[in-house]
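Trainee: Take a look at the following structure, please.
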Amino acid sequence: MKKNIRFLISAAAFLLVFGLLFAPLKELVCRKSLTGTWDMTNKIGGFYNEPEDSFEVMYFGTSHAYAAFSPLRIWEKTGVKSYVFATQRQPLWATYAYMVDALKTQSPALAVVDCRGALEPSEGLYDDGVTYSFMDDLPFSWNKVRLAWVSAETMEGRAELLCNFVKYHGRWTDLTETDYTFDRSALRDPYRGYVFLPVKEEVFHRPVIEGIADSAPLDEKNGYWLRKIIELCQKRGVGLWLVKTPSNLGAAEKKLVNTVERIAAEYGVPFDDFNERYTEIGLSPELFFDAHHMDARGAAKFTDFFVTELAARYPALAADPQDAAWAADADAYEAALQALAQP
């Protein structure tokens, strides 16, 4: 018995020392996106440094969410504070995990989820670039373990997602001063998760989707996690609004969106496909960064339209319009937006 106790104590001590030594090494070599338009380490990692219970609304989903909702512009017009907790091509099982993590420190009255993740086939899962992008910046927790389990098909793959040193150990020759001075506790995103996309000269036209009333079945895995998201919000008492942001949907995608709308109706959850309302929003082909994402000008128009819908549907959202830090960040955002209009 005493031998077993000594063994357990020795094992625990070894794991503690190993963890203390290994964690900084893992942080050193991991991929970091800290500058430019796609500074996702700031946006995801920075969320965890925000004060508790500071966001009345949270936005979740894929890049279609982070390129559409501008929390600073929403705050300017309503005083309602919000954050976009989204990553590129985020599958619904990752959206669920991000919602669970967000609810550990925040108590939003409303979660807005862009349903793009329901439209992508789940078979074969996702490539490393996508999977690591939603795994890397999540702190270790049982929630992250569960996400790794459903995001990889083998035990080896799951272990690598949790211990990304295996993925990034080859970066030794690419390390810079930024890697050595990296401080996760100092991360902050002044845009609150929004991605400010520049203007492109190319024009991206909206496909014709009027009159498409047929539905197409979601992948079984996508349908399962969509329902889990709805049930999580209902269990936690968080309002849920399912949407499809403007993204030039094609006919096949529209049929899947119609299925999302039907599932939302089953649960009494509001749903809006804003791809049907370009004229009301004021969107034109020139306001898209690429085929599926609005540039910052298009996002501003959409955000303004969304604000009117938000205020009408959720008039009791708490507001804090006098925050000096938000005002300073909003001024910087507006200056960058105005600069896009300059020749």
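Just remember, in the structure tokens the first chain shown is A, the second B, etc., residues are 1-based per chain, and ligands are 1-based in the order shown.
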Need to verify the contact set: Gly117 of chain A, 8 Å, only C-alpha atoms, exclusion of same-chain residues closer than 2 positions in sequence. Can you return it as a PDB file with C-alpha atoms, in the first residue's frame?

Mentor:
```pdb
ATOM      1  CA  GLY A  61     -19.544  30.868 -36.199  1.00  0.00           C
ATOM      2  CA  THR A  62     -17.191  30.888 -39.154  1.00  0.00           C
ATOM      3  CA  ARG A  89     -14.619  27.519 -41.349  1.00  0.00           C
ATOM      4  CA  GLN A  90     -15.555  26.789 -37.752  1.00  0.00           C
ATOM      5  CA  PRO A  91     -17.591  23.559 -37.702  1.00  0.00           C
ATOM      6  CA  LEU A  92     -20.654  23.397 -35.476  1.00  0.00           C
ATOM      7  CA  ASP A 114     -24.099  32.228 -38.122  1.00  0.00           C
ATOM      8  CA  CYS A 115     -25.107  28.852 -39.565  1.00  0.00           C
ATOM      9  CA  LEU A 119     -23.512  23.864 -44.750  1.00  0.00           C
ATOM     10  CA  GLU A 120     -20.072  22.252 -45.009  1.00  0.00           C
ATOM     11  CA  ASN A 222     -23.992  18.894 -38.494  1.00  0.00           C
TER      12      ASN A 222
END
```

Trainee: Ile229 of chain A: which residues within 9 Å, counting only C-alpha atoms, same-chain residues fewer than 5 positions away excluded, as a PyMOL selection string?

Mentor: chain A and resi 92-93+95-96+99+224+234

Trainee: Among the residues of segment 32-271 of chain A, find those DSSP assigns to strand (DSSP E or B) from the backbone and print them as a list in words.

Mentor: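 Those in segment 32-271 of chain A that DSSP calls strand (DSSP E or B) are Val57, Met58, Tyr59, Phe60, Gly61, Ser82, Tyr83, Val84, Phe85, Ala86, Leu110, Ala111, Val112, Val113, Asp114, Gly239, Leu240, Trp241, Leu242, Val243, Lys244 and Phe271 of chain A.
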
Trainee: I want to know what sits within 8 Å of Trp241 of chain A, based on only C-alpha atoms, with residues of the same chain fewer than 6 positions away left out; could you give that as a list in words?

Mentor: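 In the requested form, the answer reads Leu110, Ala111, Val112, Val113, Val269, Pro270 and Phe271 of chain A.
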
Trainee: Could you check the closest approach to Ser284 of chain A for each of A:Met58, A:Leu317, A:Val203, A:Leu161 and tell me which residue wins, using only C-alpha atoms?

Mentor: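 Using only C-alpha atoms, the shortest distance to Ser284 of chain A belongs to A:Val203.
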
Trainee: As number ranges by chain, list the residues of segment 205-263 of chain A assigned to alpha helix (DSSP H) by DSSP on the backbone atoms of this structure.

Mentor: A: 220-236, 251-263

Trainee: Which residues are close to segment 295-297 of chain A, i.e. within 8 Å by only C-alpha atoms, leaving aside same-chain residues fewer than 2 positions away? Reply as a list in words.

Mentor: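 Once the adjacent positions are removed, what remains is Ala67, Phe196, Leu197, Pro198, Val199, Lys200, Leu287, Phe288, Phe289, Asp290, His293, Ala299, Ala300, Lys301, Leu337 and Leu340 of chain A.
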
Trainee: Produce a file of the selected residues containing all heavy atoms, as a short mmCIF file (atom, residue, chain, number, x, y, z; two decimals), in the first residue's frame.

Mentor:
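Listing of again.cif after writing:
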```cif
data_model
loop_
_atom_site.label_atom_id
_atom_site.label_comp_id
_atom_site.auth_asym_id
_atom_site.auth_seq_id
_atom_site.Cartn_x
_atom_site.Cartn_y
_atom_site.Cartn_z
N ALA A 67 -16.44 38.49 -40.24
CA ALA A 67 -16.34 39.52 -41.29
C ALA A 67 -17.64 40.32 -41.44
O ALA A 67 -17.72 41.20 -42.29
CB ALA A 67 -15.99 38.87 -42.63
N PHE A 196 -11.52 43.26 -40.03
CA PHE A 196 -11.70 44.43 -40.88
C PHE A 196 -11.08 44.13 -42.25
O PHE A 196 -9.86 44.19 -42.43
CB PHE A 196 -11.00 45.62 -40.22
CG PHE A 196 -11.26 46.96 -40.85
CD1 PHE A 196 -12.14 47.86 -40.28
CD2 PHE A 196 -10.59 47.34 -42.01
CE1 PHE A 196 -12.36 49.10 -40.84
CE2 PHE A 196 -10.80 48.57 -42.60
CZ PHE A 196 -11.69 49.46 -42.00
N LEU A 197 -11.92 43.79 -43.22
CA LEU A 197 -11.42 43.39 -44.54
C LEU A 197 -11.32 44.59 -45.48
O LEU A 197 -12.26 45.38 -45.58
CB LEU A 197 -12.33 42.33 -45.15
CG LEU A 197 -12.33 40.98 -44.42
CD1 LEU A 197 -13.33 40.02 -45.06
CD2 LEU A 197 -10.93 40.37 -44.43
N PRO A 198 -10.21 44.71 -46.20
CA PRO A 198 -10.01 45.87 -47.09
C PRO A 198 -10.83 45.76 -48.36
O PRO A 198 -11.47 44.76 -48.65
CB PRO A 198 -8.51 45.79 -47.40
CG PRO A 198 -8.17 44.34 -47.27
CD PRO A 198 -9.04 43.82 -46.16
N VAL A 199 -10.76 46.83 -49.15
CA VAL A 199 -11.49 46.90 -50.41
C VAL A 199 -10.71 46.17 -51.50
O VAL A 199 -9.49 46.28 -51.58
CB VAL A 199 -11.71 48.38 -50.82
CG1 VAL A 199 -12.34 48.47 -52.20
CG2 VAL A 199 -12.56 49.09 -49.77
N LYS A 200 -11.43 45.42 -52.33
CA LYS A 200 -10.84 44.76 -53.49
C LYS A 200 -11.47 45.33 -54.75
O LYS A 200 -12.63 45.74 -54.75
CB LYS A 200 -11.09 43.25 -53.43
CG LYS A 200 -10.31 42.52 -52.35
CD LYS A 200 -8.85 42.40 -52.73
CE LYS A 200 -8.08 41.50 -51.78
NZ LYS A 200 -8.45 40.08 -51.95
N LEU A 287 -19.15 45.73 -52.67
CA LEU A 287 -18.92 45.78 -51.22
C LEU A 287 -18.49 44.44 -50.64
O LEU A 287 -18.59 44.22 -49.44
CB LEU A 287 -20.18 46.28 -50.51
CG LEU A 287 -20.62 47.71 -50.87
CD1 LEU A 287 -21.93 48.06 -50.18
CD2 LEU A 287 -19.54 48.71 -50.50
N PHE A 288 -17.97 43.57 -51.52
CA PHE A 288 -17.49 42.27 -51.07
C PHE A 288 -15.98 42.17 -51.25
O PHE A 288 -15.42 42.57 -52.27
CB PHE A 288 -18.19 41.14 -51.80
CG PHE A 288 -19.54 40.81 -51.22
CD1 PHE A 288 -20.64 41.63 -51.50
CD2 PHE A 288 -19.70 39.74 -50.37
CE1 PHE A 288 -21.88 41.35 -50.94
CE2 PHE A 288 -20.94 39.45 -49.82
CZ PHE A 288 -22.04 40.27 -50.09
N PHE A 289 -15.32 41.60 -50.24
CA PHE A 289 -13.87 41.38 -50.26
C PHE A 289 -13.52 40.22 -51.18
O PHE A 289 -12.52 40.23 -51.89
CB PHE A 289 -13.39 41.09 -48.83
CG PHE A 289 -11.98 40.60 -48.73
CD1 PHE A 289 -10.92 41.50 -48.79
CD2 PHE A 289 -11.71 39.25 -48.54
CE1 PHE A 289 -9.61 41.05 -48.68
CE2 PHE A 289 -10.41 38.80 -48.43
CZ PHE A 289 -9.35 39.71 -48.50
N ASP A 290 -14.35 39.18 -51.13
CA ASP A 290 -14.22 38.03 -52.03
C ASP A 290 -15.62 37.48 -52.28
O ASP A 290 -16.61 38.15 -51.98
CB ASP A 290 -13.26 36.97 -51.46
CG ASP A 290 -13.71 36.42 -50.11
OD1 ASP A 290 -14.90 36.52 -49.78
OD2 ASP A 290 -12.85 35.90 -49.37
N HIS A 293 -17.38 37.03 -48.53
CA HIS A 293 -17.18 37.88 -47.36
C HIS A 293 -17.29 39.35 -47.74
O HIS A 293 -16.66 39.80 -48.71
CB HIS A 293 -15.80 37.65 -46.72
CG HIS A 293 -15.56 36.23 -46.32
ND1 HIS A 293 -15.11 35.28 -47.20
CD2 HIS A 293 -15.70 35.61 -45.11
CE1 HIS A 293 -14.98 34.12 -46.56
NE2 HIS A 293 -15.34 34.30 -45.29
N ALA A 299 -19.61 45.35 -44.43
CA ALA A 299 -19.91 44.95 -43.06
C ALA A 299 -20.54 46.09 -42.27
O ALA A 299 -21.42 45.87 -41.44
CB ALA A 299 -18.63 44.47 -42.38
N ALA A 300 -20.09 47.33 -42.54
CA ALA A 300 -20.67 48.48 -41.85
C ALA A 300 -22.15 48.65 -42.23
O ALA A 300 -23.00 48.92 -41.37
CB ALA A 300 -19.89 49.75 -42.18
N LYS A 301 -22.44 48.49 -43.52
CA LYS A 301 -23.84 48.59 -43.96
C LYS A 301 -24.68 47.48 -43.33
O LYS A 301 -25.80 47.71 -42.86
CB LYS A 301 -23.92 48.52 -45.48
CG LYS A 301 -23.57 49.82 -46.20
CD LYS A 301 -23.80 49.69 -47.69
CE LYS A 301 -23.57 51.02 -48.39
NZ LYS A 301 -24.62 52.02 -48.04
N LEU A 337 -12.30 53.07 -41.25
CA LEU A 337 -13.40 52.92 -42.21
C LEU A 337 -13.44 54.10 -43.17
O LEU A 337 -13.63 53.94 -44.38
CB LEU A 337 -14.71 52.78 -41.45
CG LEU A 337 -15.94 52.34 -42.24
CD1 LEU A 337 -15.73 50.97 -42.86
CD2 LEU A 337 -17.18 52.34 -41.34
N LEU A 340 -10.99 54.04 -46.05
CA LEU A 340 -11.31 53.20 -47.21
C LEU A 340 -11.99 53.99 -48.31
O LEU A 340 -11.93 53.62 -49.47
CB LEU A 340 -12.22 52.05 -46.79
CG LEU A 340 -11.63 50.99 -45.86
CD1 LEU A 340 -12.68 49.93 -45.56
CD2 LEU A 340 -10.40 50.33 -46.49
#
```

Trainee: By how many Å are atom CA of Thr41 of chain A and atom CA of Val84 of chain A apart?

Mentor: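 Between these atoms lies a distance of 13.2 Å.
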
Trainee: Would you list the contacts of Ala152 of chain A as a VMD selection string, taking every protein, DNA or RNA residue within 9 Å and counting only C-alpha atoms, but skipping same-chain residues closer than 3 positions in sequence?

Mentor: chain A and resid 125 to 126 131 147 to 149 155 to 158 161

Trainee: Could you dump the residues just selected with C-alpha atoms as a compact mmCIF listing (two decimals), in the first residue's frame?

Mentor:
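The file below, part18.txt, is the result:
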```txt
# COMPACT_ATOMS: atom_id res chain seq x y z
CA LEU A 125 -13.52 16.25 -40.98
CA TYR A 126 -11.38 19.30 -41.67
CA THR A 131 -8.70 22.39 -37.07
CA LEU A 147 -13.50 19.19 -28.82
CA ALA A 148 -10.30 17.34 -29.73
CA TRP A 149 -12.13 14.03 -29.44
CA MET A 155 -6.20 8.88 -30.71
CA GLU A 156 -2.93 10.14 -32.19
CA GLY A 157 -4.73 12.98 -33.95
CA ARG A 158 -6.61 13.92 -30.80
CA LEU A 161 -4.57 18.68 -31.14
```

Trainee: Quick one: residues within 8 Å of Ala68 of chain A, only C-alpha atoms counted, chain neighbours fewer than 4 positions away excluded, as an MDAnalysis selection string?

Mentor: chainID A and resid 64 194 245:246 293:294 299:300 302:303

Trainee: Go ahead and save the residues from that selection, with N, CA and C atoms, as a tab-separated table (two decimals), in the first residue's frame.

Mentor:
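Saved file result_27.tsv follows:
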```tsv
chain	number	residue	atom	x	y	z
A	64	HIS	N	-17.66	33.98	-41.79
A	64	HIS	CA	-18.82	34.76	-42.19
A	64	HIS	C	-19.35	35.59	-41.03
A	194	TYR	N	-13.89	41.15	-34.46
A	194	TYR	CA	-14.26	41.48	-35.85
A	194	TYR	C	-13.02	41.56	-36.72
A	245	THR	N	-25.46	35.30	-42.43
A	245	THR	CA	-25.03	36.63	-42.82
A	245	THR	C	-24.88	36.70	-44.34
A	246	PRO	N	-24.86	37.90	-44.91
A	246	PRO	CA	-24.70	38.04	-46.37
A	246	PRO	C	-23.40	37.40	-46.86
A	293	HIS	N	-17.38	37.03	-48.53
A	293	HIS	CA	-17.18	37.88	-47.36
A	293	HIS	C	-17.29	39.35	-47.74
A	294	MET	N	-18.06	40.10	-46.97
A	294	MET	CA	-18.14	41.54	-47.18
A	294	MET	C	-16.83	42.21	-46.78
A	299	ALA	N	-19.61	45.35	-44.43
A	299	ALA	CA	-19.91	44.95	-43.06
A	299	ALA	C	-20.54	46.09	-42.27
A	300	ALA	N	-20.09	47.33	-42.54
A	300	ALA	CA	-20.67	48.48	-41.85
A	300	ALA	C	-22.15	48.65	-42.23
A	302	PHE	N	-24.14	46.26	-43.35
A	302	PHE	CA	-24.88	45.16	-42.75
A	302	PHE	C	-25.07	45.38	-41.25
A	303	THR	N	-24.01	45.82	-40.56
A	303	THR	CA	-24.11	46.04	-39.12
A	303	THR	C	-25.17	47.09	-38.81
```

Trainee: Between A:Asp219, A:Asp39, A:Glu210, A:Asp304, which one has atoms that come closest to Asp137 of chain A, using only C-alpha atoms?

Mentor: A:Asp39

Trainee: Using only C-alpha atoms, can you tell me which of A:Phe85, A:Tyr48, A:Phe140, A:Trp75 comes closest to Ser63 of chain A?

Mentor: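 The answer is A:Phe85, which sits nearest to Ser63 of chain A.
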
Trainee: Take atom CA of Glu253 of chain A and atom CA of Phe204 of chain A and report the distance between them in Å, one decimal.

Mentor: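 About the pair atom CA of Glu253 of chain A and atom CA of Phe204 of chain A: they are 16.9 Å apart.
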
Trainee: Could you give me, as a ChimeraX atom specification, the residues within 10 Å of Arg206 of chain A, counting only C-alpha atoms and dropping anything in the same chain fewer than 6 positions from it?

Mentor: /A:246-250,275,278,283-285,288,291-292

Trainee: Now that the selection is made, can you save its residues with C-alpha atoms as a PDB file, in the first residue's frame?

Mentor:
```
ATOM      1  CA  PRO A 246     -24.701  38.038 -46.365  1.00  0.00           C
ATOM      2  CA  SER A 247     -22.344  35.695 -48.209  1.00  0.00           C
ATOM      3  CA  ASN A 248     -23.650  35.279 -51.768  1.00  0.00           C
ATOM      4  CA  LEU A 249     -25.283  31.908 -51.127  1.00  0.00           C
ATOM      5  CA  GLY A 250     -25.692  29.576 -54.083  1.00  0.00           C
ATOM      6  CA  ASN A 275     -28.914  36.910 -48.169  1.00  0.00           C
ATOM      7  CA  TYR A 278     -29.486  42.825 -49.969  1.00  0.00           C
ATOM      8  CA  LEU A 283     -25.377  45.814 -50.379  1.00  0.00           C
ATOM      9  CA  SER A 284     -23.916  45.736 -53.872  1.00  0.00           C
ATOM     10  CA  PRO A 285     -21.288  43.509 -55.549  1.00  0.00           C
ATOM     11  CA  PHE A 288     -17.486  42.271 -51.066  1.00  0.00           C
ATOM     12  CA  ALA A 291     -17.014  35.781 -53.219  1.00  0.00           C
ATOM     13  CA  HIS A 292     -18.355  35.126 -49.720  1.00  0.00           C
TER      14      HIS A 292
END
```

Trainee: Closest to Pro207 of chain A among A:Gly298, A:Asp189, A:Ala251, A:Cys233, using only C-alpha atoms?

Mentor: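 Selected residue with least distance to Pro207 of chain A: A:Ala251.
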
Trainee: Between atom CA of Asp273 of chain A and atom CA of Ile74 of chain A, what is the distance, to one decimal in Å?

Mentor: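 Result for atom CA of Asp273 of chain A versus atom CA of Ile74 of chain A: 19.4 Å, one decimal.
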
Trainee: Restricting the calculation to only C-alpha atoms: of A:Lys235, A:Lys254, A:Arg116, A:Arg146, which residue gets closest to Val208 of chain A?

Mentor: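 Of A:Lys235, A:Lys254, A:Arg116, A:Arg146, the one nearest Val208 of chain A, counting only C-alpha atoms, is A:Lys254.
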